[in-house]
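Q: What follows is final-v8.txt, compact mmCIF, C-alpha atoms and all ligand atoms.
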# COMPACT_ATOMS: atom_id res chain seq x y z
CA MET A 148 19.08 5.03 -3.92
CA THR A 149 16.42 3.63 -6.20
CA ALA A 150 14.27 1.07 -4.45
CA GLN A 151 13.78 -2.43 -5.74
CA LEU A 152 10.22 -3.20 -6.69
CA ILE A 153 8.31 -5.95 -4.89
CA ASP A 154 6.26 -7.13 -7.83
CA GLY A 155 2.89 -8.40 -6.61
CA ASN A 156 1.97 -9.74 -10.04
CA ALA A 157 5.12 -11.85 -10.34
CA LEU A 158 4.89 -13.16 -6.78
CA SER A 159 1.19 -13.92 -7.32
CA ARG A 160 1.96 -15.92 -10.46
CA GLN A 161 4.47 -17.99 -8.52
CA LEU A 162 2.17 -18.56 -5.52
CA ARG A 163 -0.88 -19.28 -7.69
CA ALA A 164 1.12 -21.91 -9.60
CA GLU A 165 1.89 -23.55 -6.24
CA VAL A 166 -1.81 -23.34 -5.32
CA GLY A 167 -2.70 -24.94 -8.66
CA ALA A 168 -0.37 -27.87 -7.96
CA ARG A 169 -1.89 -28.39 -4.50
CA VAL A 170 -5.41 -28.17 -5.99
CA SER A 171 -4.45 -30.96 -8.42
CA ALA A 172 -3.20 -33.09 -5.52
CA LEU A 173 -6.51 -32.57 -3.69
CA LYS A 174 -8.50 -33.40 -6.82
CA ALA A 175 -6.65 -36.70 -6.97
CA ARG A 176 -8.28 -37.36 -3.57
CA ASP A 177 -11.68 -36.38 -5.02
CA ILE A 178 -11.73 -33.02 -3.25
CA THR A 179 -12.14 -29.85 -5.31
CA PRO A 180 -11.68 -26.70 -3.23
CA GLY A 181 -14.72 -24.48 -3.62
CA LEU A 182 -15.21 -20.76 -3.01
CA ALA A 183 -18.60 -19.04 -2.85
CA VAL A 184 -18.61 -15.31 -3.48
CA VAL A 185 -21.78 -13.42 -2.57
CA LEU A 186 -22.40 -9.97 -4.00
CA VAL A 187 -25.36 -7.87 -2.96
CA GLY A 188 -26.17 -4.77 -5.01
CA ASP A 189 -24.46 -3.26 -8.02
CA ASN A 190 -21.44 -1.39 -6.65
CA PRO A 191 -19.18 -1.21 -9.78
CA ALA A 192 -15.91 -1.62 -7.83
CA SER A 193 -17.32 -4.67 -6.01
CA GLN A 194 -18.40 -6.17 -9.34
CA VAL A 195 -14.80 -5.93 -10.61
CA TYR A 196 -13.39 -7.42 -7.37
CA VAL A 197 -15.74 -10.42 -7.36
CA ARG A 198 -15.10 -11.10 -11.05
CA ASN A 199 -11.34 -11.11 -10.40
CA LYS A 200 -11.75 -13.44 -7.41
CA VAL A 201 -13.89 -15.91 -9.33
CA LYS A 202 -11.50 -15.83 -12.30
CA ALA A 203 -8.48 -16.47 -10.06
CA CYS A 204 -10.35 -19.38 -8.52
CA ASN A 205 -11.12 -20.93 -11.87
CA ASP A 206 -7.54 -20.35 -13.10
CA THR A 207 -6.16 -22.41 -10.20
CA GLY A 208 -8.60 -25.26 -10.88
CA MET A 209 -10.89 -24.56 -7.93
CA HIS A 210 -14.65 -24.64 -8.02
CA SER A 211 -16.39 -21.30 -7.61
CA VAL A 212 -19.93 -20.08 -7.16
CA LEU A 213 -20.85 -16.45 -7.71
CA GLU A 214 -24.16 -15.40 -6.21
CA THR A 215 -25.37 -11.95 -7.19
CA TRP A 216 -28.37 -10.48 -5.45
CA PRO A 217 -30.21 -7.18 -5.88
CA ALA A 218 -29.59 -4.42 -3.34
CA SER A 219 -33.13 -5.02 -2.09
CA LEU A 220 -32.17 -8.42 -0.63
CA SER A 221 -33.16 -8.44 3.04
CA GLU A 222 -30.75 -9.20 5.86
CA ALA A 223 -32.76 -12.32 6.74
CA GLU A 224 -32.54 -13.57 3.14
CA LEU A 225 -28.78 -13.00 3.07
CA LEU A 226 -28.35 -14.78 6.41
CA ALA A 227 -30.33 -17.71 4.99
CA ARG A 228 -27.99 -17.84 1.96
CA VAL A 229 -24.96 -17.85 4.25
CA GLN A 230 -26.50 -20.71 6.26
CA ALA A 231 -27.08 -22.70 3.07
CA LEU A 232 -23.45 -22.18 2.00
CA ASN A 233 -22.25 -23.15 5.49
CA GLN A 234 -23.97 -26.50 4.93
CA ASP A 235 -22.84 -26.99 1.33
CA ALA A 236 -20.08 -29.62 1.35
CA SER A 237 -18.72 -28.45 -2.03
CA ILE A 238 -17.93 -25.01 -0.55
CA HIS A 239 -14.79 -24.56 1.58
CA GLY A 240 -14.68 -20.78 1.62
CA ILE A 241 -17.41 -18.15 1.81
CA LEU A 242 -16.81 -14.52 0.96
CA VAL A 243 -19.51 -11.89 1.29
CA GLN A 244 -18.27 -8.88 -0.65
CA LEU A 245 -18.23 -5.65 1.36
CA PRO A 246 -19.63 -3.04 1.51
CA LEU A 247 -23.18 -4.33 1.95
CA PRO A 248 -26.24 -2.13 1.47
CA ALA A 249 -26.95 0.07 4.50
CA HIS A 250 -29.99 -1.93 5.65
CA ILE A 251 -27.84 -5.02 6.22
CA ASP A 252 -25.67 -5.35 9.33
CA ALA A 253 -22.35 -6.46 7.81
CA GLN A 254 -20.90 -7.68 11.11
CA LYS A 255 -23.96 -9.87 11.73
CA VAL A 256 -23.52 -11.44 8.29
CA ILE A 257 -19.80 -12.04 8.83
CA GLU A 258 -20.51 -13.68 12.20
CA ALA A 259 -23.04 -15.98 10.48
CA ILE A 260 -20.29 -17.49 8.30
CA ASP A 261 -18.99 -20.83 9.59
CA PRO A 262 -15.54 -19.86 11.04
CA GLY A 263 -14.15 -22.95 9.26
CA LYS A 264 -15.11 -21.32 5.93
CA ASP A 265 -14.16 -17.73 6.82
CA VAL A 266 -11.50 -17.37 4.13
CA ASP A 267 -11.65 -13.56 4.29
CA GLY A 268 -10.55 -13.84 7.93
CA PHE A 269 -13.05 -11.24 9.12
CA HIS A 270 -15.01 -13.44 11.57
CA ILE A 271 -14.43 -12.64 15.22
CA ALA A 272 -13.10 -16.20 15.67
CA SER A 273 -10.43 -15.54 13.02
CA ALA A 274 -9.60 -12.16 14.56
CA GLY A 275 -9.31 -13.81 17.99
CA ALA A 276 -7.07 -16.56 16.61
CA LEU A 277 -4.72 -13.99 15.08
CA MET A 278 -4.74 -11.94 18.28
CA THR A 279 -3.81 -14.94 20.43
CA GLY A 280 -1.38 -16.43 17.91
CA ILE A 281 -3.24 -19.67 17.22
CA PRO A 282 -3.78 -20.98 13.67
CA GLY A 283 -6.73 -19.49 11.79
CA PHE A 284 -7.58 -17.65 8.60
CA TRP A 285 -5.58 -14.45 8.21
CA PRO A 286 -7.20 -11.50 6.41
CA CYS A 287 -5.95 -11.63 2.84
CA THR A 288 -4.52 -8.12 2.39
CA PRO A 289 -2.16 -8.03 5.39
CA TYR A 290 -1.38 -11.72 4.78
CA GLY A 291 -0.31 -10.74 1.26
CA CYS A 292 1.91 -8.01 2.70
CA MET A 293 3.60 -10.58 4.95
CA LYS A 294 4.22 -12.81 1.90
CA MET A 295 5.79 -9.84 0.11
CA LEU A 296 8.20 -9.29 3.03
CA GLU A 297 8.97 -13.02 3.07
CA SER A 298 9.67 -12.91 -0.68
CA ILE A 299 12.57 -10.48 -0.15
CA GLY A 300 13.88 -12.55 2.79
CA TYR A 301 13.16 -9.75 5.24
CA ASN A 302 13.69 -10.64 8.91
CA LEU A 303 11.33 -8.54 11.02
CA LYS A 304 12.88 -9.45 14.36
CA GLY A 305 13.68 -6.28 16.28
CA LYS A 306 12.71 -4.02 13.38
CA HIS A 307 10.41 -1.05 13.88
CA ALA A 308 7.28 -1.35 11.74
CA VAL A 309 4.88 1.55 11.40
CA VAL A 310 1.38 0.75 10.17
CA ILE A 311 -0.65 3.74 9.01
CA GLY A 312 -4.34 2.85 9.37
CA ARG A 313 -6.18 0.76 11.95
CA SER A 314 -9.12 -0.82 10.14
CA ASN A 315 -10.25 -4.29 11.17
CA ILE A 316 -9.51 -5.66 7.71
CA VAL A 317 -6.06 -4.17 7.08
CA GLY A 318 -4.34 -2.02 9.70
CA LYS A 319 -5.04 -3.95 12.91
CA PRO A 320 -4.41 -7.46 11.56
CA MET A 321 -1.30 -6.14 9.77
CA ALA A 322 0.07 -4.87 13.08
CA LEU A 323 -0.64 -8.22 14.78
CA MET A 324 1.10 -10.18 12.02
CA LEU A 325 4.18 -7.95 12.22
CA LEU A 326 4.18 -8.31 16.00
CA GLN A 327 3.98 -12.08 15.68
CA GLN A 328 7.20 -11.90 13.65
CA ASN A 329 8.85 -9.97 16.51
CA ALA A 330 8.78 -6.50 15.02
CA THR A 331 8.20 -3.53 17.31
CA VAL A 332 4.98 -2.08 15.97
CA THR A 333 3.51 1.40 15.98
CA ILE A 334 -0.06 1.86 14.75
CA CYS A 335 -1.00 5.29 13.40
CA HIS A 336 -4.45 6.66 12.61
CA SER A 337 -6.29 9.90 11.93
CA GLY A 338 -5.65 11.10 15.48
CA THR A 339 -1.90 10.47 15.36
CA GLN A 340 0.16 13.58 16.01
CA ASN A 341 3.30 14.12 13.96
CA LEU A 342 3.07 11.07 11.72
CA LYS A 343 6.35 12.04 10.08
CA ALA A 344 8.29 11.76 13.36
CA LEU A 345 7.09 8.16 13.65
CA THR A 346 7.52 7.07 10.03
CA LEU A 347 11.07 8.48 10.01
CA GLN A 348 11.95 5.90 12.70
CA ALA A 349 10.48 3.00 10.75
CA ASP A 350 12.36 0.15 9.08
CA VAL A 351 9.08 -1.01 7.53
CA ILE A 352 6.09 1.20 6.68
CA VAL A 353 2.68 -0.12 5.66
CA ALA A 354 0.36 2.59 4.36
CA ALA A 355 -3.33 1.57 4.55
CA VAL A 356 -5.29 4.78 4.65
CA GLY A 357 -7.05 5.44 1.35
CA LYS A 358 -5.60 8.91 0.74
CA ARG A 359 -3.04 9.93 -1.85
CA ASN A 360 0.40 11.09 -0.74
CA VAL A 361 -0.05 10.15 2.91
CA LEU A 362 3.58 9.08 2.75
CA THR A 363 6.12 11.30 0.98
CA ALA A 364 9.89 10.96 0.57
CA ASP A 365 10.71 13.33 3.46
CA MET A 366 8.83 10.96 5.82
CA VAL A 367 10.90 7.87 5.01
CA LYS A 368 14.21 6.77 6.52
CA PRO A 369 16.74 5.85 3.81
CA GLY A 370 16.62 2.10 3.20
CA ALA A 371 13.16 1.51 4.69
CA VAL A 372 10.79 -1.03 3.14
CA VAL A 373 7.50 0.53 2.03
CA LEU A 374 4.31 -1.42 1.38
CA ASP A 375 1.45 0.54 -0.18
CA VAL A 376 -2.03 -0.92 0.45
CA GLY A 377 -3.98 2.18 -0.60
CA MET A 378 -6.16 2.29 -3.68
CA ASN A 379 -7.00 5.77 -4.89
CA ARG A 380 -7.43 7.67 -8.15
CA ASP A 381 -5.11 10.48 -9.19
CA ASP A 382 -6.29 13.66 -10.94
CA ALA A 383 -6.16 11.87 -14.29
CA GLY A 384 -8.32 9.04 -12.91
CA LYS A 385 -5.38 6.62 -12.82
CA LEU A 386 -5.17 4.06 -9.98
CA CYS A 387 -2.60 5.06 -7.35
CA GLY A 388 -1.75 4.21 -3.76
CA ASP A 389 -1.25 6.15 -0.54
CA VAL A 390 2.47 6.56 -1.17
CA ASP A 391 4.09 9.20 -3.37
CA PHE A 392 5.75 6.44 -5.38
CA GLU A 393 8.05 8.60 -7.52
CA GLY A 394 9.53 10.37 -4.49
CA VAL A 395 9.63 7.49 -2.02
CA LYS A 396 11.27 5.05 -4.44
CA GLU A 397 14.38 7.26 -4.31
CA VAL A 398 14.68 6.76 -0.52
CA ALA A 399 13.32 3.28 0.22
CA SER A 400 15.19 0.00 -0.31
CA TYR A 401 12.07 -1.87 -1.43
CA ILE A 402 8.66 -0.57 -2.46
CA THR A 403 5.40 -2.03 -3.75
CA PRO A 404 3.78 -0.38 -6.78
CA VAL A 405 0.09 0.46 -7.25
CA PRO A 406 -1.26 -1.15 -9.36
CA GLY A 407 0.60 -4.48 -9.40
CA GLY A 408 1.56 -4.64 -5.73
CA VAL A 409 -0.62 -5.57 -2.78
CA GLY A 410 -3.83 -5.79 -4.88
CA PRO A 411 -3.06 -9.04 -6.73
CA MET A 412 -1.57 -10.50 -3.53
CA THR A 413 -4.90 -10.02 -1.74
CA ILE A 414 -6.63 -12.29 -4.26
CA THR A 415 -3.76 -14.76 -4.15
CA MET A 416 -4.05 -15.13 -0.38
CA LEU A 417 -7.79 -15.71 -0.76
CA MET A 418 -6.89 -18.65 -3.00
CA VAL A 419 -4.40 -19.90 -0.41
CA ASN A 420 -6.97 -19.65 2.40
CA THR A 421 -9.62 -21.48 0.35
CA LEU A 422 -7.16 -24.21 -0.61
CA GLU A 423 -6.03 -24.66 2.98
CA SER A 424 -9.64 -24.83 4.14
CA ALA A 425 -10.19 -27.75 1.75
CA GLU A 426 -6.87 -29.38 2.70
CA LYS A 427 -8.06 -29.61 6.32
CA LEU A 428 -10.69 -32.16 5.30
P1 LIG B 501 -10.53 2.44 6.27
O1 LIG B 501 -11.38 1.44 6.96
O2 LIG B 501 -11.14 3.67 5.73
O3 LIG B 501 -9.35 2.84 7.28
C1 LIG B 501 -8.48 3.87 6.99
C2 LIG B 501 -7.59 4.12 8.18
O4 LIG B 501 -6.74 5.21 7.88
C3 LIG B 501 -8.34 4.49 9.46
O5 LIG B 501 -7.82 3.75 10.54
C4 LIG B 501 -8.06 5.98 9.62
O6 LIG B 501 -7.97 6.40 10.96
C5 LIG B 501 -6.70 6.10 8.98
N1 LIG B 501 -6.43 7.47 8.53
C6 LIG B 501 -7.24 8.30 7.85
N2 LIG B 501 -6.61 9.46 7.60
C7 LIG B 501 -5.38 9.37 8.13
C8 LIG B 501 -4.26 10.22 8.19
N3 LIG B 501 -4.29 11.42 7.64
N4 LIG B 501 -3.15 9.80 8.83
C9 LIG B 501 -3.10 8.57 9.39
N5 LIG B 501 -4.13 7.70 9.36
C10 LIG B 501 -5.25 8.09 8.73
O7 LIG B 501 -9.76 1.78 5.05
P2 LIG B 501 -9.23 0.27 4.81
O8 LIG B 501 -10.37 -0.61 4.48
O9 LIG B 501 -8.29 -0.12 5.86
O10 LIG B 501 -8.42 0.51 3.45
C11 LIG B 501 -7.34 1.42 3.38
C12 LIG B 501 -6.93 1.57 1.93
O11 LIG B 501 -6.50 0.31 1.44
C13 LIG B 501 -8.05 2.00 0.98
O12 LIG B 501 -7.50 2.79 -0.05
C14 LIG B 501 -8.55 0.71 0.41
O13 LIG B 501 -9.14 0.87 -0.86
C15 LIG B 501 -7.26 -0.04 0.31
N6 LIG B 501 -7.40 -1.50 0.31
C16 LIG B 501 -6.71 -2.17 -0.63
C17 LIG B 501 -6.78 -3.53 -0.67
C18 LIG B 501 -5.97 -4.24 -1.70
O14 LIG B 501 -6.22 -5.39 -1.96
N7 LIG B 501 -4.97 -3.60 -2.29
C19 LIG B 501 -7.56 -4.24 0.24
C20 LIG B 501 -8.23 -3.53 1.23
C21 LIG B 501 -8.15 -2.14 1.25
P3 LIG B 501 -9.22 6.37 12.00
O15 LIG B 501 -9.35 4.93 12.42
O16 LIG B 501 -8.79 7.27 13.09
O17 LIG B 501 -10.40 6.86 11.23
Reformat the file's structure so that it appears as structure tokens.

A:
Amino acid sequence: MTAQLIDGNALSRQLRAEVGARVSALKARDITPGLAVVLVGDNPASQVYVRNKVKACNDTGMHSVLETWPASLSEAELLARVQALNQDASIHGILVQLPLPAHIDAQKVIEAIDPGKDVDGFHIASAGALMTGIPGFWPCTPYGCMKMLESIGYNLKGKHAVVIGRSNIVGKPMALMLLQQNATVTICHSGTQNLKALTLQADVIVAAVGKRNVLTADMVKPGAVVLDVGMNRDDAGKLCGDVDFEGVKEVASYITPVPGGVGPMTITMLMVNTLESAEKL
């Protein structure tokens, strides 16, 4: 079997066009959704991410503010900037790009964001809402994965989903979203024994580890759906995921590529969250 590709670029184009139409409708009511992106320091990967987020925002007709600060910015100064953005009526979403410099407590900064503007979905109020199944901002990467499953009409009810990775921004919220759709969920991590025995039982596998070839063809049940969140570099320096794409695509029914899979969907869901924050007004 050769798996069908779930094309994150194509799905993003479609969803961003829908966002653009809803932005126009809001503008007709004199509301322009606004996203503030705050970058501290000069991490090259973060610089690329924030540029892409701001560009996506502008492409959909939203307002965006990019604040860049030197790595020497103090925690108190950053908290003061977050407070100012909390009070800025033109801003509906605030994103503080992670990682932050070591002298800044990232969790403290995230908790300072008004939960009503927490479009990254990392605030404890957003995490609690997801955990208890009440409406709130969902973290963009797992939210994008759910949209990818929806795009192929996949019904998770009663299916076994295995999530590899348990970070607060990907693995754990991913597991909760799958659970909410009535999948039976297994969460794996660095202490998991015999990962292969678990993944071989899975109808859906989400790999969110950050290591190449965590998932190989011999670990996948024929016909499983495989979503690859990982972002790594191969020996030639080319972007690749956690999944051995060439091998696994011969076993899976659907697979996401890297690049062009979950990555663009993450930014798309940030646009959706920012739009929906403004629509609540
Ligand atoms: P993270 O915080 O480093 O978490 C990695 C998780 O993988 C941890 O829970 C860790 O277990 C687990 N793990 C490590 N080695 C393992 C192994 N051999 N077997 C099973 N589990 C293992 O990373 P993250 O922030 O969740 O990100 C994961 C990957 O996704 C990274 O490559 C990141 O760049 C990428 N990412 C992509 C996007 C996107 O938009 N495409 C967005 C976010 C992240 P322990 O908890 O036991 O340490």

Q: Fewer than 2 positions away in the same chain doesn't count, so skip those; otherwise give me all residues within 10 Å of Leu220 in chain A, counting all atoms listed in the file, as a PyMOL selection string.

A: chain A and resi 187-188+216-218+222-225+248+250-251

Q: Please tabulate, as JSON lines, the residues of chain A that come within 6 Å of ligand LIG 501 (chain B), each with its closest pair of atoms and the distance in Å to one decimal, counting all atoms listed in the file and ordering rows by chain, then residue number upward.

A:
{"residue": "A:Thr288", "atom": "CA", "partner": "B:LIG501", "partner_atom": "C19", "distance": 5.4}
{"residue": "A:Ile311", "atom": "CA", "partner": "B:LIG501", "partner_atom": "N5", "distance": 5.3}
{"residue": "A:Gly312", "atom": "CA", "partner": "B:LIG501", "partner_atom": "O4", "distance": 3.7}
{"residue": "A:Arg313", "atom": "CA", "partner": "B:LIG501", "partner_atom": "O5", "distance": 3.7}
{"residue": "A:Ser314", "atom": "CA", "partner": "B:LIG501", "partner_atom": "O9", "distance": 4.4}
{"residue": "A:Ile316", "atom": "CA", "partner": "B:LIG501", "partner_atom": "O9", "distance": 6.0}
{"residue": "A:Val317", "atom": "CA", "partner": "B:LIG501", "partner_atom": "O9", "distance": 4.8}
{"residue": "A:Gly318", "atom": "CA", "partner": "B:LIG501", "partner_atom": "O9", "distance": 5.8}
{"residue": "A:Cys335", "atom": "CA", "partner": "B:LIG501", "partner_atom": "C9", "distance": 5.6}
{"residue": "A:His336", "atom": "CA", "partner": "B:LIG501", "partner_atom": "N5", "distance": 3.4}
{"residue": "A:Ser337", "atom": "CA", "partner": "B:LIG501", "partner_atom": "O16", "distance": 3.8}
{"residue": "A:Gly338", "atom": "CA", "partner": "B:LIG501", "partner_atom": "O16", "distance": 5.5}
{"residue": "A:Ala355", "atom": "CA", "partner": "B:LIG501", "partner_atom": "C11", "distance": 4.2}
{"residue": "A:Val356", "atom": "CA", "partner": "B:LIG501", "partner_atom": "O4", "distance": 3.6}
{"residue": "A:Gly357", "atom": "CA", "partner": "B:LIG501", "partner_atom": "O12", "distance": 3.0}
{"residue": "A:Val376", "atom": "CA", "partner": "B:LIG501", "partner_atom": "O11", "distance": 4.7}
{"residue": "A:Gly377", "atom": "CA", "partner": "B:LIG501", "partner_atom": "O12", "distance": 3.6}
{"residue": "A:Met378", "atom": "CA", "partner": "B:LIG501", "partner_atom": "O12", "distance": 3.9}
{"residue": "A:Asn379", "atom": "CA", "partner": "B:LIG501", "partner_atom": "O12", "distance": 5.7}
{"residue": "A:Val409", "atom": "CA", "partner": "B:LIG501", "partner_atom": "N7", "distance": 4.8}
{"residue": "A:Gly410", "atom": "CA", "partner": "B:LIG501", "partner_atom": "N7", "distance": 3.6}
{"residue": "A:Thr413", "atom": "CA", "partner": "B:LIG501", "partner_atom": "O14", "distance": 4.8}

Q: Hey, what's within 6 Å of Ala150 in chain A if we count all atoms listed in the file and toss same-chain stuff fewer than 2 positions away? As a PyMOL selection string, please?

A: chain A and resi 396+399-401

Q: One decimal, Å: what's the distance from CA of Gly370 in chain A over to CA of Gly305 in chain A, could you say?

A: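 If I compute the distance from CA of Gly370 in chain A to CA of Gly305 in chain A, I get 15.8 Å.
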
Q: Please indicate the distance in Å from CA of Pro282 in chain A to CA of Arg228 in chain A, rounded to one decimal place.

A: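 Spanning CA of Pro282 in chain A to CA of Arg228 in chain A is a straight-line distance of 27.1 Å.
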
Q: Wanna dump the range 371-427 of chain A-range 342-353 of chain A contacts at 7 Å for me, each residue with its shortest atom pair and the distance in Å to one decimal, counting all atoms listed in the file, ordered by chain and number, as a Markdown table?

A:
| residue | atom | partner | partner_atom | distance |
| --- | --- | --- | --- | --- |
| A:Ala371 | CA | A:Asp350 | CA | 4.7 |
| A:Val372 | CA | A:Val351 | CA | 4.7 |
| A:Val373 | CA | A:Ile352 | CA | 4.9 |
| A:Leu374 | CA | A:Val353 | CA | 4.8 |
| A:Asp375 | CA | A:Val353 | CA | 6.0 |

Q: Could you check which of A:Ile299, A:Leu247, A:Ile334, A:Val390 is closest to Val361 in chain A, using only C-alpha atoms?

A: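 Smallest separation from Val361 in chain A among the options: A:Val390.
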
Q: Hey, what's within 8 Å of Met418 in chain A if we count only C-alpha atoms and toss same-chain stuff fewer than 5 positions away? As a ChimeraX atom specification, please?

A: /A:163,166,203-204
